[in-house]
$ cat run08.txt   # compact mmCIF, C-alpha atoms
# COMPACT_ATOMS: atom_id res chain seq x y z
CA ALA M 7 108.61 137.42 106.57
CA GLN M 8 105.94 136.21 104.24
CA LYS M 9 102.27 136.08 104.96
CA ILE M 10 99.19 134.40 103.50
CA THR M 11 95.72 135.75 104.18
CA GLN M 12 92.46 133.93 103.60
CA THR M 13 89.63 136.17 104.72
CA GLN M 14 86.74 133.73 104.26
CA PRO M 15 86.47 131.32 107.21
CA GLY M 16 83.52 129.60 105.52
CA MET M 17 81.83 129.57 102.14
CA PHE M 18 78.65 127.96 100.85
CA VAL M 19 77.89 127.13 97.23
CA GLN M 20 75.13 125.29 95.43
CA GLU M 21 76.03 122.14 93.56
CA LYS M 22 77.01 122.81 89.91
CA GLU M 23 77.74 126.48 90.57
CA ALA M 24 81.18 128.12 90.52
CA VAL M 25 82.87 129.46 93.65
CA THR M 26 85.89 131.67 94.28
CA LEU M 27 88.07 131.28 97.35
CA ASP M 28 90.20 134.31 98.16
CA CYS M 29 93.89 134.39 98.95
CA THR M 30 96.22 137.36 99.26
CA TYR M 31 99.89 137.17 100.01
CA ASP M 32 102.70 139.39 101.08
CA THR M 33 106.30 138.89 100.04
CA SER M 34 109.30 140.93 99.02
CA ASP M 35 110.77 138.08 96.98
CA GLN M 36 110.77 138.29 93.18
CA SER M 37 110.58 134.54 92.78
CA TYR M 38 107.88 132.68 94.70
CA GLY M 39 105.31 129.97 94.27
CA LEU M 40 101.68 129.79 95.30
CA PHE M 41 99.73 126.61 95.94
CA TRP M 42 96.23 125.50 96.82
CA TYR M 43 95.51 122.39 98.85
CA LYS M 44 92.25 120.63 99.70
CA GLN M 45 91.83 118.89 103.04
CA PRO M 46 88.73 116.68 103.43
CA SER M 47 87.61 115.59 106.87
CA SER M 48 89.79 112.49 106.48
CA GLY M 49 92.82 114.73 107.01
CA GLU M 50 94.93 114.22 103.91
CA MET M 51 96.26 117.38 102.25
CA ILE M 52 95.59 117.10 98.51
CA PHE M 53 97.57 119.28 96.12
CA LEU M 54 95.28 121.08 93.67
CA ILE M 55 97.14 123.72 91.69
CA TYR M 56 100.37 125.72 91.47
CA GLN M 57 101.23 129.19 90.18
CA GLY M 58 104.78 130.47 89.81
CA SER M 59 105.47 134.17 90.18
CA TYR M 60 106.91 134.38 86.67
CA ASP M 61 104.11 132.42 85.02
CA GLU M 62 102.23 134.70 82.65
CA GLN M 63 99.25 132.42 82.24
CA ASN M 64 96.84 131.60 85.03
CA ALA M 65 97.19 127.98 86.11
CA THR M 66 94.36 125.55 85.40
CA GLU M 67 93.83 121.93 86.45
CA GLY M 68 90.52 120.46 85.38
CA ARG M 69 87.75 122.26 87.31
CA TYR M 70 90.30 124.29 89.26
CA SER M 71 91.80 127.55 88.05
CA LEU M 72 93.92 130.11 89.81
CA ASN M 73 93.14 133.77 89.24
CA PHE M 74 96.61 135.28 89.67
CA GLN M 75 96.80 139.05 89.97
CA LYS M 76 100.41 139.81 90.72
CA ALA M 77 100.05 143.57 91.21
CA ARG M 78 97.29 143.00 93.75
CA LYS M 79 99.19 140.08 95.31
CA SER M 80 96.18 137.84 95.06
CA ALA M 81 95.87 134.19 94.02
CA ASN M 82 92.23 133.23 94.19
CA LEU M 83 91.07 129.68 93.54
CA VAL M 84 88.09 129.22 91.26
CA ILE M 85 86.21 125.93 91.35
CA SER M 86 83.80 125.50 88.48
CA ALA M 87 80.74 123.23 88.53
CA SER M 88 80.97 122.45 92.25
CA GLN M 89 80.37 118.88 93.36
CA LEU M 90 79.31 117.52 96.75
CA GLY M 91 82.76 115.96 97.07
CA ASP M 92 84.32 119.42 96.94
CA SER M 93 83.15 120.07 100.50
CA ALA M 94 86.39 120.40 102.43
CA MET M 95 88.88 122.85 103.94
CA TYR M 96 90.94 124.71 101.35
CA PHE M 97 94.36 126.14 102.13
CA CYS M 98 96.38 128.65 100.16
CA ALA M 99 100.13 128.31 100.65
CA MET M 100 103.32 130.02 99.56
CA ARG M 101 106.81 128.72 99.13
CA GLU M 102 109.18 130.55 101.45
CA GLN M 103 112.92 130.61 100.92
CA SER M 104 115.47 131.43 103.58
CA VAL M 105 119.07 131.93 102.50
CA TYR M 106 122.05 131.14 104.70
CA TRP M 107 125.78 131.05 104.09
CA GLY M 108 125.82 127.45 102.93
CA GLY M 109 122.73 127.49 100.76
CA SER M 110 119.01 127.95 101.21
CA ASN M 111 116.05 126.29 102.85
CA TYR M 112 112.52 126.08 101.55
CA LYS M 113 109.21 125.62 103.33
CA LEU M 114 105.50 126.06 102.76
CA THR M 115 103.59 128.66 104.74
CA PHE M 116 99.82 128.18 104.91
CA GLY M 117 96.90 130.55 105.26
CA LYS M 118 94.21 129.88 107.87
CA GLY M 119 91.98 128.11 105.38
CA THR M 120 88.42 128.36 104.07
CA LEU M 121 85.82 125.71 104.85
CA LEU M 122 83.76 125.14 101.70
CA THR M 123 80.36 123.51 101.93
CA VAL M 124 78.61 122.42 98.75
CA ASN M 125 74.85 122.17 99.10
CA PRO M 126 72.74 119.81 96.98
CA ASP Z 280 96.10 106.94 96.43
CA THR Z 281 98.73 108.98 98.21
CA GLU Z 282 102.34 108.29 97.39
CA VAL Z 283 103.39 109.30 100.86
CA THR Z 284 102.46 106.65 103.40
CA GLN Z 285 102.16 107.32 107.11
CA THR Z 286 101.74 104.77 109.87
CA PRO Z 287 99.91 104.39 112.09
CA LYS Z 288 96.77 106.27 111.06
CA HIS Z 289 95.62 106.59 114.65
CA LEU Z 290 97.63 106.47 117.87
CA VAL Z 291 96.62 106.81 121.51
CA MET Z 292 99.48 107.07 123.98
CA GLY Z 293 99.99 107.86 127.61
CA MET Z 294 102.18 110.69 128.80
CA THR Z 295 104.91 108.27 129.88
CA ASN Z 296 104.93 106.22 126.69
CA LYS Z 297 107.47 106.21 123.89
CA LYS Z 298 106.12 105.82 120.39
CA SER Z 299 107.18 106.54 116.82
CA LEU Z 300 105.42 107.85 113.75
CA LYS Z 301 106.65 106.60 110.40
CA CYS Z 302 106.56 108.11 106.93
CA GLU Z 303 107.68 106.61 103.64
CA GLN Z 304 107.85 108.01 100.11
CA HIS Z 305 109.06 106.50 96.85
CA MET Z 306 108.91 109.54 94.59
CA GLY Z 307 112.64 110.19 94.72
CA HIS Z 308 112.12 113.38 96.69
CA ARG Z 309 115.08 114.60 98.71
CA ALA Z 310 113.19 116.88 101.10
CA MET Z 311 110.81 115.59 103.78
CA TYR Z 312 108.74 117.43 106.36
CA TRP Z 313 106.80 116.97 109.57
CA TYR Z 314 103.82 119.23 110.20
CA LYS Z 315 101.53 119.44 113.23
CA GLN Z 316 97.90 120.42 112.73
CA LYS Z 317 95.41 121.22 115.45
CA ALA Z 318 91.68 121.10 114.71
CA LYS Z 319 90.42 123.93 112.49
CA LYS Z 320 93.95 125.36 112.14
CA PRO Z 321 96.48 125.33 109.31
CA PRO Z 322 99.43 122.93 109.41
CA GLU Z 323 102.43 124.20 111.34
CA LEU Z 324 105.89 123.22 110.22
CA MET Z 325 107.95 121.26 112.74
CA PHE Z 326 110.98 119.88 110.88
CA VAL Z 327 112.51 119.83 107.42
CA TYR Z 328 115.04 117.27 106.21
CA SER Z 329 117.02 117.92 103.06
CA TYR Z 330 119.23 115.15 101.69
CA GLU Z 331 118.74 113.26 104.95
CA LYS Z 332 120.05 116.14 107.03
CA LEU Z 333 117.95 118.24 109.39
CA SER Z 334 117.75 121.69 107.82
CA ILE Z 335 114.92 123.35 109.73
CA ASN Z 336 113.77 122.85 113.31
CA GLU Z 337 110.99 125.31 114.15
CA SER Z 338 111.88 125.42 117.84
CA VAL Z 339 110.06 122.16 118.51
CA PRO Z 340 110.26 120.77 122.10
CA SER Z 341 112.79 117.99 122.57
CA ARG Z 342 110.05 115.48 123.39
CA PHE Z 343 109.69 115.30 119.60
CA SER Z 344 112.75 113.75 117.98
CA PRO Z 345 112.93 113.41 114.20
CA GLU Z 346 115.04 110.89 112.33
CA CYS Z 347 115.72 110.36 108.63
CA PRO Z 348 117.35 106.93 108.19
CA ASN Z 349 117.44 107.22 104.39
CA SER Z 350 116.02 109.27 101.56
CA SER Z 351 112.70 107.38 101.59
CA LEU Z 352 111.99 107.22 105.32
CA LEU Z 353 111.20 109.78 107.98
CA ASN Z 354 110.41 109.00 111.59
CA LEU Z 355 109.14 111.11 114.46
CA HIS Z 356 109.97 109.70 117.89
CA LEU Z 357 107.65 110.75 120.68
CA HIS Z 358 108.45 110.68 124.39
CA ALA Z 359 106.78 112.19 127.46
CA LEU Z 360 104.16 114.03 125.46
CA GLN Z 361 101.52 116.30 126.93
CA PRO Z 362 97.76 116.24 126.21
CA GLU Z 363 98.16 119.49 124.25
CA ASP Z 364 100.35 117.58 121.79
CA SER Z 365 97.26 115.76 120.59
CA ALA Z 366 96.89 116.67 116.92
CA LEU Z 367 97.08 115.45 113.35
CA TYR Z 368 100.71 114.90 112.35
CA LEU Z 369 101.34 115.21 108.65
CA CYS Z 370 104.37 114.05 106.75
CA ALA Z 371 105.22 115.50 103.34
CA SER Z 372 107.91 115.17 100.70
CA SER Z 373 109.01 117.37 97.84
CA LEU Z 374 111.73 118.28 95.43
CA ARG Z 375 114.59 120.06 97.15
CA ASN Z 376 113.28 123.56 96.30
CA LEU Z 377 109.54 122.87 96.59
CA ALA Z 378 109.32 123.67 92.87
CA ILE Z 379 105.93 121.98 92.53
CA GLY Z 380 104.87 122.00 96.15
CA ALA Z 381 104.81 119.22 98.68
CA PHE Z 382 102.96 115.91 98.64
CA PHE Z 383 101.36 114.90 101.91
CA GLY Z 384 100.51 111.64 103.57
CA GLN Z 385 97.15 110.93 105.15
CA GLY Z 386 98.43 111.87 108.57
CA THR Z 387 98.51 110.25 112.00
CA ARG Z 388 95.83 111.33 114.45
CA LEU Z 389 97.58 111.35 117.81
CA THR Z 390 95.77 111.45 121.14
CA VAL Z 391 97.79 111.85 124.33
CA VAL Z 392 95.97 110.73 127.46
$ encode --input "run08.txt" --output "structure tokens"
Amino acid sequence: AQKITQTQPGMFVQEKEAVTLDCTYDTSDQSYGLFWYKQPSSGEMIFLIYQGSYDEQNATEGRYSLNFQKARKSANLVISASQLGDSAMYFCAMREQSVYWGGSNYKLTFGKGTLLTVNP
Amino acid sequence: DTEVTQTPKHLVMGMTNKKSLKCEQHMGHRAMYWYKQKAKKPPELMFVYSYEKLSINESVPSRFSPECPNSSLLNLHLHALQPEDSALYLCASSLRNLAIGAFFGQGTRLTVV
């Protein structure tokens, strides 16, 4: 079984500063994928960034970067130059594969989330 | 704008009602998902459809009945729900192997009275 751990229930950051949201994972698979999603109070889950287990470079998407440390099994999200609109719940997720005789199934498993508040 | 569209956005239903949630995507994805999310909790997987066939049912009560009429549509039929079923229901779609993650709709906020 795979597991995602987000140890920060809530984080506060000043506008224009950088913030790091922690995520550790546990898997015995060699091939896996890690994702970060943002969920504003409106409810929609917004995909932010993806890191594959074989990717040698850390993923970046605009102000978002993923600090991937494979040996430590961590995939922290770094948001640079925080904006008020970044206030939201952030979820780390991992792709989970289950193999059966006819093929395989895939699903996303989520951590408990971190509520980020950006202060003006 | 999301490319996964869910309707309705809000739904209030009685415990004896029958209602349906609808989800549509036009990204050519062949996997579609229903998630349930309670307040301040992560989404919990309910069902996965792959190539219009049910591939994962996470032991969901039979009062929730999924349906995938074609590769673009996913329905969730609701019958005899309980107040504890009140939650945000999220639909998502993806490539078959979740290679680049899943794309979510805006969700349906369901209240059972």
$ interface_residues --input "run08.txt" --of "chain M" --to "chain Z" --cutoff "12 Å" --atoms "all atoms listed in the file" --output "JSON, numbers by chain"
{"M": [10, 11, 12, 15, 16, 37, 38, 39, 40, 41, 42, 43, 44, 45, 46, 47, 48, 49, 50, 51, 52, 53, 54, 55, 56, 57, 58, 59, 94, 95, 96, 97, 98, 99, 100, 101, 102, 103, 104, 105, 106, 108, 109, 110, 111, 112, 113, 114, 115, 116, 117, 118, 119, 120, 121]}
$ residues_around --input "run08.txt" --residues "His356 in chain Z" --least-positions-apart "5" --cutoff "9 Å" --atoms "only C-alpha atoms" --output "CSV table (one decimal) with C-alpha atoms, in the frame of the given file"
chain,number,residue,atom,x,y,z
Z,297,LYS,CA,107.5,106.2,123.9
Z,298,LYS,CA,106.1,105.8,120.4
Z,299,SER,CA,107.2,106.5,116.8
Z,300,LEU,CA,105.4,107.8,113.8
Z,301,LYS,CA,106.6,106.6,110.4
Z,342,ARG,CA,110.0,115.5,123.4
Z,343,PHE,CA,109.7,115.3,119.6
Z,344,SER,CA,112.8,113.8,118.0
Z,345,PRO,CA,112.9,113.4,114.2
Z,346,GLU,CA,115.0,110.9,112.3
$ atom_distance --input "run08.txt" --atom1 "CA of Gly68 in chain M" --atom2 "CA of Thr33 in chain M"
28.3 Å
$ atom_distance --input "run08.txt" --atom1 "CA of Ala81 in chain M" --atom2 "CA of Gln14 in chain M"
13.7 Å
$ atom_distance --input "run08.txt" --atom1 "CA of Val25 in chain M" --atom2 "CA of Ser86 in chain M"
6.6 Å
$ decode --input "run08.txt" --residues "range 365-384 of chain Z" --atoms "N, CA, C and O atoms" --output "PDB file, in the first residue's frame"
ATOM      1  N   SER Z 365     -23.852  13.805   2.483  1.00  0.00           N
ATOM      2  CA  SER Z 365     -23.648  15.202   2.085  1.00  0.00           C
ATOM      3  C   SER Z 365     -22.158  15.470   1.970  1.00  0.00           C
ATOM      4  O   SER Z 365     -21.382  15.189   2.897  1.00  0.00           O
ATOM      5  N   ALA Z 366     -21.755  15.988   0.811  1.00  0.00           N
ATOM      6  CA  ALA Z 366     -20.322  16.178   0.538  1.00  0.00           C
ATOM      7  C   ALA Z 366     -20.159  16.875  -0.806  1.00  0.00           C
ATOM      8  O   ALA Z 366     -21.138  17.146  -1.507  1.00  0.00           O
ATOM      9  N   LEU Z 367     -18.924  17.134  -1.154  1.00  0.00           N
ATOM     10  CA  LEU Z 367     -18.569  17.614  -2.493  1.00  0.00           C
ATOM     11  C   LEU Z 367     -18.223  16.387  -3.331  1.00  0.00           C
ATOM     12  O   LEU Z 367     -17.374  15.581  -2.935  1.00  0.00           O
ATOM     13  N   TYR Z 368     -18.889  16.225  -4.466  1.00  0.00           N
ATOM     14  CA  TYR Z 368     -18.611  15.100  -5.348  1.00  0.00           C
ATOM     15  C   TYR Z 368     -17.852  15.622  -6.564  1.00  0.00           C
ATOM     16  O   TYR Z 368     -18.351  16.474  -7.296  1.00  0.00           O
ATOM     17  N   LEU Z 369     -16.667  15.073  -6.735  1.00  0.00           N
ATOM     18  CA  LEU Z 369     -15.774  15.517  -7.790  1.00  0.00           C
ATOM     19  C   LEU Z 369     -15.655  14.452  -8.866  1.00  0.00           C
ATOM     20  O   LEU Z 369     -15.475  13.268  -8.576  1.00  0.00           O
ATOM     21  N   CYS Z 370     -15.748  14.905 -10.096  1.00  0.00           N
ATOM     22  CA  CYS Z 370     -15.509  14.041 -11.244  1.00  0.00           C
ATOM     23  C   CYS Z 370     -14.136  14.402 -11.808  1.00  0.00           C
ATOM     24  O   CYS Z 370     -13.713  15.562 -11.757  1.00  0.00           O
ATOM     25  N   ALA Z 371     -13.449  13.420 -12.349  1.00  0.00           N
ATOM     26  CA  ALA Z 371     -12.144  13.674 -12.961  1.00  0.00           C
ATOM     27  C   ALA Z 371     -11.978  12.774 -14.173  1.00  0.00           C
ATOM     28  O   ALA Z 371     -12.639  11.741 -14.298  1.00  0.00           O
ATOM     29  N   SER Z 372     -11.082  13.178 -15.063  1.00  0.00           N
ATOM     30  CA  SER Z 372     -10.738  12.335 -16.202  1.00  0.00           C
ATOM     31  C   SER Z 372      -9.230  12.347 -16.386  1.00  0.00           C
ATOM     32  O   SER Z 372      -8.532  13.251 -15.905  1.00  0.00           O
ATOM     33  N   SER Z 373      -8.737  11.343 -17.084  1.00  0.00           N
ATOM     34  CA  SER Z 373      -7.288  11.257 -17.280  1.00  0.00           C
ATOM     35  C   SER Z 373      -6.965  10.321 -18.437  1.00  0.00           C
ATOM     36  O   SER Z 373      -7.831   9.584 -18.932  1.00  0.00           O
ATOM     37  N   LEU Z 374      -5.698  10.319 -18.817  1.00  0.00           N
ATOM     38  CA  LEU Z 374      -5.210   9.264 -19.679  1.00  0.00           C
ATOM     39  C   LEU Z 374      -5.340   7.940 -18.931  1.00  0.00           C
ATOM     40  O   LEU Z 374      -5.429   7.926 -17.691  1.00  0.00           O
ATOM     41  N   ARG Z 375      -5.322   6.873 -19.658  1.00  0.00           N
ATOM     42  CA  ARG Z 375      -5.564   5.544 -19.081  1.00  0.00           C
ATOM     43  C   ARG Z 375      -4.648   5.257 -17.875  1.00  0.00           C
ATOM     44  O   ARG Z 375      -5.061   4.701 -16.887  1.00  0.00           O
ATOM     45  N   ASN Z 376      -3.386   5.676 -17.952  1.00  0.00           N
ATOM     46  CA  ASN Z 376      -2.434   5.323 -16.887  1.00  0.00           C
ATOM     47  C   ASN Z 376      -2.088   6.500 -15.993  1.00  0.00           C
ATOM     48  O   ASN Z 376      -1.087   6.485 -15.293  1.00  0.00           O
ATOM     49  N   LEU Z 377      -2.942   7.531 -15.990  1.00  0.00           N
ATOM     50  CA  LEU Z 377      -2.704   8.701 -15.139  1.00  0.00           C
ATOM     51  C   LEU Z 377      -1.306   9.290 -15.349  1.00  0.00           C
ATOM     52  O   LEU Z 377      -0.716   9.833 -14.422  1.00  0.00           O
ATOM     53  N   ALA Z 378      -0.822   9.212 -16.588  1.00  0.00           N
ATOM     54  CA  ALA Z 378       0.561   9.618 -16.861  1.00  0.00           C
ATOM     55  C   ALA Z 378       0.829  11.059 -16.457  1.00  0.00           C
ATOM     56  O   ALA Z 378       1.920  11.389 -15.992  1.00  0.00           O
ATOM     57  N   ILE Z 379      -0.151  11.929 -16.634  1.00  0.00           N
ATOM     58  CA  ILE Z 379       0.039  13.333 -16.270  1.00  0.00           C
ATOM     59  C   ILE Z 379      -1.019  13.774 -15.270  1.00  0.00           C
ATOM     60  O   ILE Z 379      -1.389  14.935 -15.210  1.00  0.00           O
ATOM     61  N   GLY Z 380      -1.510  12.829 -14.485  1.00  0.00           N
ATOM     62  CA  GLY Z 380      -2.465  13.162 -13.456  1.00  0.00           C
ATOM     63  C   GLY Z 380      -3.889  13.196 -13.975  1.00  0.00           C
ATOM     64  O   GLY Z 380      -4.176  12.796 -15.093  1.00  0.00           O
ATOM     65  N   ALA Z 381      -4.771  13.653 -13.144  1.00  0.00           N
ATOM     66  CA  ALA Z 381      -6.190  13.717 -13.473  1.00  0.00           C
ATOM     67  C   ALA Z 381      -6.637  15.175 -13.507  1.00  0.00           C
ATOM     68  O   ALA Z 381      -6.093  16.022 -12.787  1.00  0.00           O
ATOM     69  N   PHE Z 382      -7.635  15.434 -14.348  1.00  0.00           N
ATOM     70  CA  PHE Z 382      -8.204  16.777 -14.445  1.00  0.00           C
ATOM     71  C   PHE Z 382      -9.605  16.734 -13.851  1.00  0.00           C
ATOM     72  O   PHE Z 382     -10.418  15.901 -14.222  1.00  0.00           O
ATOM     73  N   PHE Z 383      -9.862  17.660 -12.947  1.00  0.00           N
ATOM     74  CA  PHE Z 383     -11.085  17.622 -12.158  1.00  0.00           C
ATOM     75  C   PHE Z 383     -12.088  18.667 -12.625  1.00  0.00           C
ATOM     76  O   PHE Z 383     -11.718  19.741 -13.111  1.00  0.00           O
ATOM     77  N   GLY Z 384     -13.357  18.342 -12.423  1.00  0.00           N
ATOM     78  CA  GLY Z 384     -14.413  19.314 -12.580  1.00  0.00           C
ATOM     79  C   GLY Z 384     -14.550  20.159 -11.331  1.00  0.00           C
ATOM     80  O   GLY Z 384     -13.805  19.987 -10.357  1.00  0.00           O
TER      81      GLY Z 384
END
